file upload-v5.txt (compact mmCIF, C-alpha atoms)
# COMPACT_ATOMS: atom_id res chain seq x y z
CA MET G 22 4.00 47.12 15.92
CA ALA G 23 1.53 44.69 17.47
CA GLU G 24 1.10 43.00 14.09
CA VAL G 25 4.86 42.72 13.57
CA GLU G 26 5.27 41.27 17.06
CA GLY G 27 2.60 38.73 16.16
CA TRP G 28 4.58 37.68 13.09
CA ALA G 29 7.71 37.26 15.21
CA ALA G 30 5.85 35.16 17.78
CA GLU G 31 4.38 32.96 15.04
CA LEU G 32 7.80 32.38 13.52
CA GLU G 33 9.12 31.40 16.94
CA SER G 34 6.31 28.84 17.22
CA VAL G 35 7.43 27.29 13.93
CA PHE G 36 11.05 27.16 15.14
CA ALA G 37 9.87 25.43 18.32
CA ARG G 38 7.88 22.91 16.28
CA VAL G 39 10.77 21.84 14.04
CA GLY G 40 13.60 22.37 16.53
CA ARG G 41 13.36 18.81 17.84
CA ARG G 42 14.53 17.58 14.42
CA PHE G 43 17.98 19.10 15.10
CA GLY G 44 19.86 17.13 17.72
CA ARG G 45 22.26 19.83 18.87
CA ALA G 46 21.72 23.38 20.10
CA ASP G 47 24.20 24.83 17.57
CA LEU G 48 22.28 23.26 14.68
CA ARG G 49 19.00 24.63 15.99
CA TRP G 50 20.55 28.08 16.22
CA ARG G 51 21.96 27.89 12.70
CA MET G 52 18.58 26.73 11.38
CA ARG G 53 16.95 29.83 12.89
CA VAL G 54 19.65 32.07 11.44
CA CYS G 55 19.28 30.52 7.98
CA VAL G 56 15.49 30.86 7.85
CA ARG G 57 15.57 34.42 9.22
CA GLY G 58 18.13 35.30 6.54
CA LEU G 59 15.94 33.86 3.80
CA LEU G 60 13.05 36.00 5.04
CA ALA G 61 15.23 39.11 5.36
CA PRO G 62 15.87 41.70 2.61
CA VAL G 63 19.18 40.08 1.67
CA GLY G 64 20.30 40.50 -1.94
CA ARG G 65 21.31 37.15 -3.45
CA LYS G 66 20.72 35.05 -0.32
CA ASN G 67 23.86 32.98 -0.88
CA GLY G 68 25.93 31.55 1.95
CA TRP G 69 28.18 34.58 2.31
CA GLN G 70 25.34 37.11 2.34
CA LEU G 71 23.24 35.07 4.77
CA ALA G 72 26.26 34.78 7.06
CA GLU G 73 26.93 38.51 6.81
CA CYS G 74 23.28 39.25 7.66
CA ALA G 75 23.66 37.09 10.78
CA GLY G 76 26.95 38.74 11.78
CA HIS G 77 29.09 35.65 11.15
CA ARG G 78 32.70 35.93 9.97
CA ASP G 79 32.21 33.37 7.19
CA PRO G 80 29.50 30.97 5.88
CA ALA G 81 31.14 27.78 7.19
CA GLY G 82 28.50 27.17 9.86
CA LEU G 83 25.55 27.62 7.51
CA GLN G 84 27.20 25.52 4.80
CA HIS G 85 27.78 22.73 7.32
CA LEU G 86 24.09 22.88 8.31
CA LEU G 87 23.00 22.37 4.69
CA ASN G 88 25.69 20.00 3.45
CA GLY G 89 27.16 18.05 6.35
CA ALA G 90 25.03 18.13 9.50
CA ARG G 91 22.77 15.18 10.31
CA TRP G 92 19.06 16.07 10.47
CA ASP G 93 15.94 14.71 8.82
CA ALA G 94 14.67 17.03 6.08
CA ASP G 95 11.57 14.89 5.50
CA ALA G 96 10.64 15.11 9.18
CA VAL G 97 10.90 18.91 8.99
CA ARG G 98 8.68 18.80 5.90
CA ASP G 99 6.10 16.77 7.80
CA ASP G 100 6.10 19.23 10.72
CA VAL G 101 5.65 22.22 8.45
CA ARG G 102 2.91 20.51 6.43
CA VAL G 103 0.91 19.92 9.63
CA TYR G 104 1.45 23.55 10.61
CA VAL G 105 0.25 24.78 7.20
CA GLY G 106 -2.90 22.64 7.38
CA GLU G 107 -3.69 23.97 10.86
CA ARG G 108 -3.14 27.62 9.97
CA LEU G 109 -4.71 27.72 6.50
CA GLY G 110 -7.64 25.49 7.40
CA PRO G 111 -9.74 22.92 5.55
CA GLY G 112 -11.31 22.97 2.09
CA GLY G 113 -8.27 24.28 0.22
CA VAL G 114 -6.58 23.36 -3.05
CA LEU G 115 -3.55 21.08 -3.28
CA ILE G 116 -1.45 22.25 -6.26
CA ILE G 117 1.30 20.36 -8.10
CA ASP G 118 3.89 21.97 -10.36
CA ASP G 119 7.57 21.65 -11.26
CA THR G 120 10.25 24.26 -11.75
CA GLY G 121 13.85 24.41 -12.90
CA PHE G 122 16.99 25.74 -11.22
CA ILE G 123 19.43 26.90 -13.89
CA LYS G 124 22.98 25.61 -13.38
CA LYS G 125 26.33 26.17 -15.11
CA GLY G 126 28.13 22.99 -14.05
CA THR G 127 27.49 19.25 -14.37
CA THR G 128 28.02 17.95 -10.82
CA SER G 129 24.87 19.15 -8.98
CA ALA G 130 22.52 16.22 -8.37
CA GLY G 131 20.16 15.72 -11.30
CA VAL G 132 21.55 18.53 -13.45
CA SER G 133 21.02 17.92 -17.14
CA ARG G 134 20.02 19.64 -20.35
CA GLN G 135 16.24 19.45 -20.15
CA TYR G 136 13.21 21.65 -20.71
CA THR G 137 12.26 24.02 -17.92
CA GLY G 138 9.52 26.61 -17.74
CA THR G 139 11.93 28.83 -15.79
CA SER G 140 13.69 29.79 -19.04
CA GLY G 141 11.04 28.48 -21.45
CA LYS G 142 13.55 26.30 -23.27
CA ILE G 143 15.92 23.36 -22.96
CA ASP G 144 18.57 24.46 -20.49
CA ASN G 145 21.19 23.08 -18.14
CA CYS G 146 19.23 22.79 -14.92
CA GLN G 147 17.89 20.76 -12.03
CA ILE G 148 14.15 20.05 -11.86
CA GLY G 149 12.13 19.99 -8.65
CA VAL G 150 8.50 18.86 -8.35
CA PHE G 151 6.58 20.79 -5.69
CA ALA G 152 3.24 20.69 -3.90
CA ALA G 153 1.53 23.74 -2.41
CA TYR G 154 -1.63 24.21 -0.36
CA ALA G 155 -3.83 27.28 -0.84
CA THR G 156 -6.95 28.62 0.86
CA ALA G 157 -8.46 32.08 1.20
CA LEU G 158 -6.04 32.66 4.12
CA GLY G 159 -2.85 32.18 2.10
CA ARG G 160 -0.64 29.65 0.32
CA ALA G 161 2.46 27.65 1.20
CA LEU G 162 4.66 24.84 -0.08
CA VAL G 163 4.01 21.50 1.63
CA ASP G 164 6.19 18.99 -0.23
CA ARG G 165 8.95 18.63 -2.80
CA ASP G 166 10.96 16.01 -4.62
CA HIS G 167 13.92 15.95 -6.94
CA TYR G 168 13.58 14.72 -10.53
CA LEU G 169 16.54 12.61 -11.63
CA PRO G 170 16.87 11.92 -15.38
CA LYS G 171 17.84 8.44 -16.53
CA SER G 172 21.29 9.80 -17.41
CA TRP G 173 21.75 10.05 -13.64
CA THR G 174 19.98 6.97 -12.31
CA GLN G 175 21.84 4.76 -14.80
CA ASP G 176 25.21 6.14 -13.66
CA ARG G 177 25.60 5.04 -10.03
CA GLU G 178 29.13 6.42 -9.69
CA ARG G 179 27.92 9.87 -10.65
CA CYS G 180 25.05 9.53 -8.18
CA HIS G 181 27.44 8.47 -5.43
CA GLN G 182 29.65 11.52 -6.01
CA ALA G 183 26.59 13.78 -5.74
CA LYS G 184 25.42 12.02 -2.54
CA VAL G 185 22.40 10.43 -4.20
CA SER G 186 21.31 7.37 -2.23
CA ASP G 187 21.86 3.98 -3.81
CA ASP G 188 18.19 3.03 -3.54
CA ARG G 189 16.99 5.95 -5.68
CA ALA G 190 15.61 4.64 -8.99
CA PHE G 191 14.26 6.56 -11.96
CA ALA G 192 10.80 8.04 -11.49
CA THR G 193 8.89 10.28 -13.88
CA LYS G 194 7.64 13.67 -12.72
CA GLY G 195 4.13 12.23 -12.77
CA GLU G 196 5.16 9.39 -10.47
CA LEU G 197 6.78 11.87 -8.09
CA ALA G 198 3.58 13.94 -8.14
CA LYS G 199 1.39 10.94 -7.33
CA ALA G 200 3.66 10.01 -4.41
CA MET G 201 3.30 13.57 -3.07
CA VAL G 202 -0.48 13.45 -3.30
CA ARG G 203 -0.52 10.18 -1.37
CA ARG G 204 1.79 11.61 1.30
CA CYS G 205 -0.25 14.78 1.74
CA LEU G 206 -3.57 12.95 2.03
CA ALA G 207 -2.15 10.26 4.30
CA ALA G 208 -0.80 13.00 6.58
CA GLY G 209 -4.27 14.53 6.89
CA LEU G 210 -3.78 17.72 4.86
CA PRO G 211 -7.39 19.00 4.72
CA ALA G 212 -7.54 19.62 0.96
CA SER G 213 -10.84 19.34 -0.93
CA TRP G 214 -9.48 20.09 -4.42
CA MET G 215 -6.50 19.46 -6.66
CA ALA G 216 -5.09 21.68 -9.42
CA ALA G 217 -2.23 20.99 -11.84
CA ASP G 218 -1.01 21.97 -15.28
CA GLU G 219 -1.37 19.85 -18.41
CA ALA G 220 1.87 17.92 -17.83
CA TYR G 221 0.02 16.17 -14.98
CA GLY G 222 -3.61 16.73 -15.98
CA GLN G 223 -3.35 14.73 -19.20
CA ASP G 224 -2.25 11.63 -17.26
CA TRP G 225 -5.31 9.40 -16.79
CA SER G 226 -3.69 7.48 -13.91
CA PHE G 227 -3.05 10.77 -12.06
CA ARG G 228 -6.70 11.83 -12.42
CA ARG G 229 -7.91 8.39 -11.40
CA LEU G 230 -5.79 8.49 -8.23
CA LEU G 231 -7.51 11.74 -7.22
CA GLU G 232 -10.94 10.26 -7.89
CA GLN G 233 -10.14 7.19 -5.80
CA HIS G 234 -9.35 9.49 -2.87
CA GLY G 235 -12.55 11.49 -3.36
CA LEU G 236 -10.55 14.62 -4.19
CA GLY G 237 -12.16 17.08 -6.58
CA TYR G 238 -9.88 18.43 -9.29
CA VAL G 239 -9.55 20.98 -12.06
CA VAL G 240 -6.50 20.10 -14.17
CA ALA G 241 -5.27 21.65 -17.39
CA VAL G 242 -5.04 19.47 -20.50
CA PRO G 243 -3.75 20.07 -24.05
CA LYS G 244 -6.18 20.98 -26.82
CA SER G 245 -5.60 17.52 -28.32
CA GLN G 246 -6.95 15.79 -25.17
CA GLN G 247 -9.36 13.02 -26.18
CA ILE G 248 -12.81 12.82 -24.61
CA LYS G 249 -14.32 9.34 -24.85
CA SER G 250 -17.90 8.19 -24.41
CA LEU G 251 -20.17 5.45 -25.69
CA ALA G 252 -21.11 7.75 -28.57
CA GLY G 253 -17.55 8.24 -29.80
CA VAL G 254 -14.25 10.03 -29.27
CA TRP G 255 -13.63 13.78 -29.67
CA ARG G 256 -10.79 16.20 -29.08
CA ILE G 257 -11.59 18.64 -26.32
CA ASP G 258 -11.04 21.65 -28.60
CA GLU G 259 -13.56 20.20 -31.07
CA LEU G 260 -16.16 19.84 -28.32
CA ILE G 261 -15.61 23.39 -27.10
CA ALA G 262 -15.78 24.78 -30.65
CA GLU G 263 -19.39 23.55 -30.82
CA ALA G 264 -20.43 25.42 -27.67
CA PRO G 265 -23.20 27.97 -28.38
CA ALA G 266 -22.58 31.64 -27.67
CA ASP G 267 -24.83 31.61 -24.60
CA ALA G 268 -22.73 28.83 -23.02
CA TRP G 269 -20.00 31.35 -22.17
CA GLN G 270 -19.99 33.19 -18.85
CA THR G 271 -17.71 36.03 -17.76
CA ILE G 272 -16.28 35.00 -14.37
CA SER G 273 -13.38 36.06 -12.17
CA CYS G 274 -11.14 33.14 -11.16
CA GLY G 275 -9.54 35.12 -8.34
CA ASP G 276 -7.59 38.28 -7.67
CA GLY G 277 -4.20 38.89 -9.23
CA ALA G 278 -1.59 41.61 -8.83
CA LYS G 279 -3.74 43.96 -10.94
CA GLY G 280 -7.13 43.00 -9.56
CA PRO G 281 -9.68 40.31 -10.51
CA ARG G 282 -8.58 37.86 -13.22
CA VAL G 283 -11.66 37.85 -15.45
CA TYR G 284 -12.16 35.46 -18.39
CA ASP G 285 -14.94 33.93 -20.41
CA TRP G 286 -15.67 30.39 -19.22
CA ALA G 287 -17.71 27.53 -20.66
CA ALA G 288 -18.30 24.07 -19.21
CA ALA G 289 -20.28 20.90 -19.86
CA LYS G 290 -20.89 17.79 -17.76
CA LEU G 291 -19.69 14.46 -19.09
CA PRO G 292 -21.71 11.20 -18.84
CA PHE G 293 -21.34 9.09 -15.72
CA ASN G 294 -18.78 6.30 -15.79
CA LEU G 295 -20.73 3.12 -15.14
CA ILE G 296 -17.57 1.27 -14.05
CA PHE G 297 -16.08 3.74 -11.57
CA ASP G 298 -18.99 5.85 -10.31
CA PRO G 299 -21.33 4.89 -7.44
CA ASP G 300 -25.09 4.99 -7.89
CA PRO G 301 -26.14 7.67 -7.24
CA PRO G 302 -22.89 9.48 -8.13
CA THR G 303 -21.22 11.83 -5.64
CA HIS G 304 -19.25 13.75 -8.30
CA HIS G 305 -19.65 14.94 -11.87
CA ARG G 306 -16.91 15.04 -14.51
CA TRP G 307 -16.67 18.17 -16.62
CA VAL G 308 -14.93 19.66 -19.63
CA LEU G 309 -14.04 23.27 -18.92
CA THR G 310 -12.47 26.03 -20.98
CA ARG G 311 -11.16 29.53 -20.34
CA ARG G 312 -11.04 32.22 -23.04
CA SER G 313 -9.21 35.54 -22.86
CA LEU G 314 -11.40 38.64 -23.07
CA SER G 315 -8.74 40.63 -24.94
CA ASP G 316 -7.66 37.80 -27.27
CA PRO G 317 -10.42 35.22 -27.91
CA SER G 318 -7.93 32.95 -29.67
CA GLU G 319 -6.14 32.44 -26.34
CA ILE G 320 -7.96 29.41 -24.92
CA ALA G 321 -7.06 27.00 -22.11
CA TYR G 322 -8.69 23.60 -21.59
CA TYR G 323 -9.41 21.64 -18.41
CA LEU G 324 -10.89 18.41 -17.15
CA ALA G 325 -12.70 18.57 -13.82
CA TYR G 326 -14.13 16.23 -11.21
CA ALA G 327 -16.38 18.01 -8.76
CA PRO G 328 -19.06 17.33 -6.14
CA VAL G 329 -22.53 17.18 -7.62
CA ASP G 330 -23.49 20.55 -6.13
CA ALA G 331 -20.50 22.42 -7.62
CA GLY G 332 -21.01 24.81 -10.52
CA ILE G 333 -18.89 26.58 -13.11
CA SER G 334 -17.98 29.47 -10.76
CA GLU G 335 -16.46 27.02 -8.28
CA LEU G 336 -14.54 25.26 -11.06
CA ALA G 337 -13.16 28.58 -12.30
CA ARG G 338 -12.05 29.48 -8.77
CA VAL G 339 -10.15 26.21 -8.38
CA ALA G 340 -8.56 26.60 -11.82
CA GLY G 341 -7.42 30.11 -10.87
CA SER G 342 -5.89 28.94 -7.60
CA ARG G 343 -3.15 27.11 -9.50
CA TRP G 344 -1.24 30.40 -9.84
CA ALA G 345 -0.68 30.39 -6.06
CA ILE G 346 2.13 27.89 -6.49
CA GLU G 347 3.87 30.23 -8.94
CA GLU G 348 4.29 32.76 -6.12
CA CYS G 349 5.82 30.07 -3.90
CA LEU G 350 8.15 28.85 -6.66
CA CYS G 351 9.31 32.38 -7.50
CA ALA G 352 10.41 32.68 -3.88
CA THR G 353 12.41 29.44 -4.03
CA ARG G 354 14.14 30.50 -7.24
CA ARG G 355 15.20 33.80 -5.65
CA SER G 356 17.11 31.85 -3.01
CA ALA G 357 20.61 30.56 -3.68
CA VAL G 358 19.88 27.84 -1.10
CA SER G 359 18.30 25.41 -3.58
CA PRO G 360 15.56 23.27 -2.02
CA VAL G 361 16.55 20.29 -4.14
CA GLN G 362 20.33 20.35 -4.28
CA PRO G 363 22.23 20.57 -0.97
CA GLY G 364 22.90 17.27 0.74
CA GLY G 365 22.02 15.06 -2.22
CA ILE G 366 18.72 13.68 -3.44
CA GLY G 367 15.60 15.27 -2.02
CA GLY G 368 17.73 18.14 -0.79
CA ARG G 369 17.51 19.79 2.58
CA PHE G 370 14.00 21.03 3.20
CA LEU G 371 15.34 23.96 5.15
CA GLY G 372 16.11 25.78 1.90
CA SER G 373 12.40 26.17 1.21
CA MET G 374 11.15 26.23 4.79
CA ALA G 375 11.05 30.02 4.80
CA TYR G 376 8.66 29.93 1.87
CA LEU G 377 6.28 27.52 3.58
CA MET G 378 5.07 30.34 5.83
CA PRO G 379 1.48 31.30 4.95
CA LYS G 380 1.06 34.75 3.44
CA GLY G 381 0.76 37.35 6.16
CA LEU G 382 2.97 35.59 8.74
call {"tool": "encode", "arguments": {"input": "upload-v5.txt", "output": "structure tokens"}}
result
Amino acid sequence: MAEVEGWAAELESVFARVGRRFGRADLRWRMRVCVRGLLAPVGRKNGWQLAECAGHRDPAGLQHLLNGARWDADAVRDDVRVYVGERLGPGGVLIIDDTGFIKKGTTSAGVSRQYTGTSGKIDNCQIGVFAAYATALGRALVDRDHYLPKSWTQDRERCHQAKVSDDRAFATKGELAKAMVRRCLAAGLPASWMAADEAYGQDWSFRRLLEQHGLGYVVAVPKSQQIKSLAGVWRIDELIAEAPADAWQTISCGDGAKGPRVYDWAAAKLPFNLIFDPDPPTHHRWVLTRRSLSDPSEIAYYLAYAPVDAGISELARVAGSRWAIEECLCATRRSAVSPVQPGGIGGRFLGSMAYLMPKGL
């Protein structure tokens, strides 16, 4: 009971922190009801079921909070991001990933037929790009943005009907991700590492941005990723294929639902970049690969940028931390209160605020 009371007190501290962003007492009360409902064992977590959980006659009040009331979702995001950094502590991993929200209609902001990993195929959906922060103490979402295809940004009347602001121009998912990284670092999020999948890792400008900020990274890349040096150009899978048998080490990259996630890992340092690197260098660049123990043909490839004293075990740990964002995104998909749709572009951050709570709170 003491532990449960501690959770309740911590949640109240979060409500107190963000409450100033809601100008009226009724909005603050509805915000608390909405977040508590999202954390509660409510089935579909739609407006009607959240209202029923709170004892309301109908969902009108909660719907007004998400769709009509005036409050600053980005300011709430900033408050929660500071809270997450304080509670989870320094030295963690900032993780970028995107996810889809399957839709049936055509009017939700940004909805289009596009590929999403949610269904593993081209589907009618919205796409959100998310950032999470993870340390040994837990993981939480810290930022989000809404991907708008060109079919939307080139149709201003459609944007207006969906409450998309007139100043919103087309931006790729990579550009949205880079803007998030800049926001998180400028706000003082105490991350030491970055992790992302190959959609972002293969982008040279994304990796260079991280290096310019002194942020170590382990990012996935496709097997066709080119590795360039003064001696020539190779595909990363060709380089790894030449690794001797004794280059592989069996390492756990972290605990999963069924215990330690153990793989074979191999890594090699790349030559210094005479243009970008200081003398002496503070970081090394690496090629890194992960091979399944049960199916050696299942291989993943990474590029890494790490402090000079970091080794392969540390790189494997950072690579494994990327799955933390999957847990956060699964929680957002289970909610009918989409974090990217209500209220137009960028959405209302309240929809995902419940999932920004560190694990254990």
call {"tool": "residues_near_point", "arguments": {"input": "upload-v5.txt", "point": "(2.1, 14.0, -5.7)", "cutoff": "12 Å", "atoms": "all atoms listed in the file", "output": "ChimeraX atom specification"}}
result
/G:115-119,150-153,163-166,193-207,215-217,221,226-228,230-231
call {"tool": "atom_distance", "arguments": {"input": "upload-v5.txt", "atom1": "atom CA of Arg49 of chain G", "atom2": "atom CA of Asp93 of chain G"}}
result
12.6 Å
call {"tool": "closest_residue", "arguments": {"input": "upload-v5.txt", "among": "G:Phe293, G:Trp50, G:Phe122, G:Tyr154", "to": "Cys349 of chain G", "atoms": "only C-alpha atoms"}}
result
G:Tyr154
call {"tool": "residues_near_point", "arguments": {"input": "upload-v5.txt", "point": "(-5.8, 31.7, -6.9)", "cutoff": "9 Å", "atoms": "all atoms listed in the file", "output": "PyMOL selection string"}}
result
chain G and resi 155-157+274-277+338-346
call {"tool": "atom_distance", "arguments": {"input": "upload-v5.txt", "atom1": "atom CA of Arg179 of chain G", "atom2": "atom CA of Gln147 of chain G"}}
result
14.9 Å
call {"tool": "atom_distance", "arguments": {"input": "upload-v5.txt", "atom1": "atom CA of Tyr168 of chain G", "atom2": "atom CA of Ile148 of chain G"}}
result
5.5 Å
call {"tool": "closest_residue", "arguments": {"input": "upload-v5.txt", "among": "G:Leu251, G:Ala130, G:Ala94, G:Val56", "to": "Arg42 of chain G", "atoms": "all atoms listed in the file"}}
result
G:Ala94
call {"tool": "residues_around", "arguments": {"input": "upload-v5.txt", "residues": "segment 312-323 of chain G", "least_positions_apart": "5", "cutoff": "7 Å", "atoms": "all atoms listed in the file", "output": "PyMOL selection string"}}
result
chain G and resi 239-244+284-286
call {"tool": "residues_around", "arguments": {"input": "upload-v5.txt", "residues": "Arg102 of chain G", "least_positions_apart": "2", "cutoff": "9 Å", "atoms": "all atoms listed in the file", "output": "list in words"}}
result
Val97, Arg98, Asp99, Asp100, Tyr104, Val105, Gly106, Glu107, Tyr154, Ala161, Leu162, Val163, Asp164, Cys205, Ala208, Leu210 and Leu377 of chain G
call {"tool": "closest_residue", "arguments": {"input": "upload-v5.txt", "among": "G:Cys351, G:Val101, G:Val63, G:Ala183", "to": "Leu32 of chain G", "atoms": "all atoms listed in the file"}}
result
G:Val101
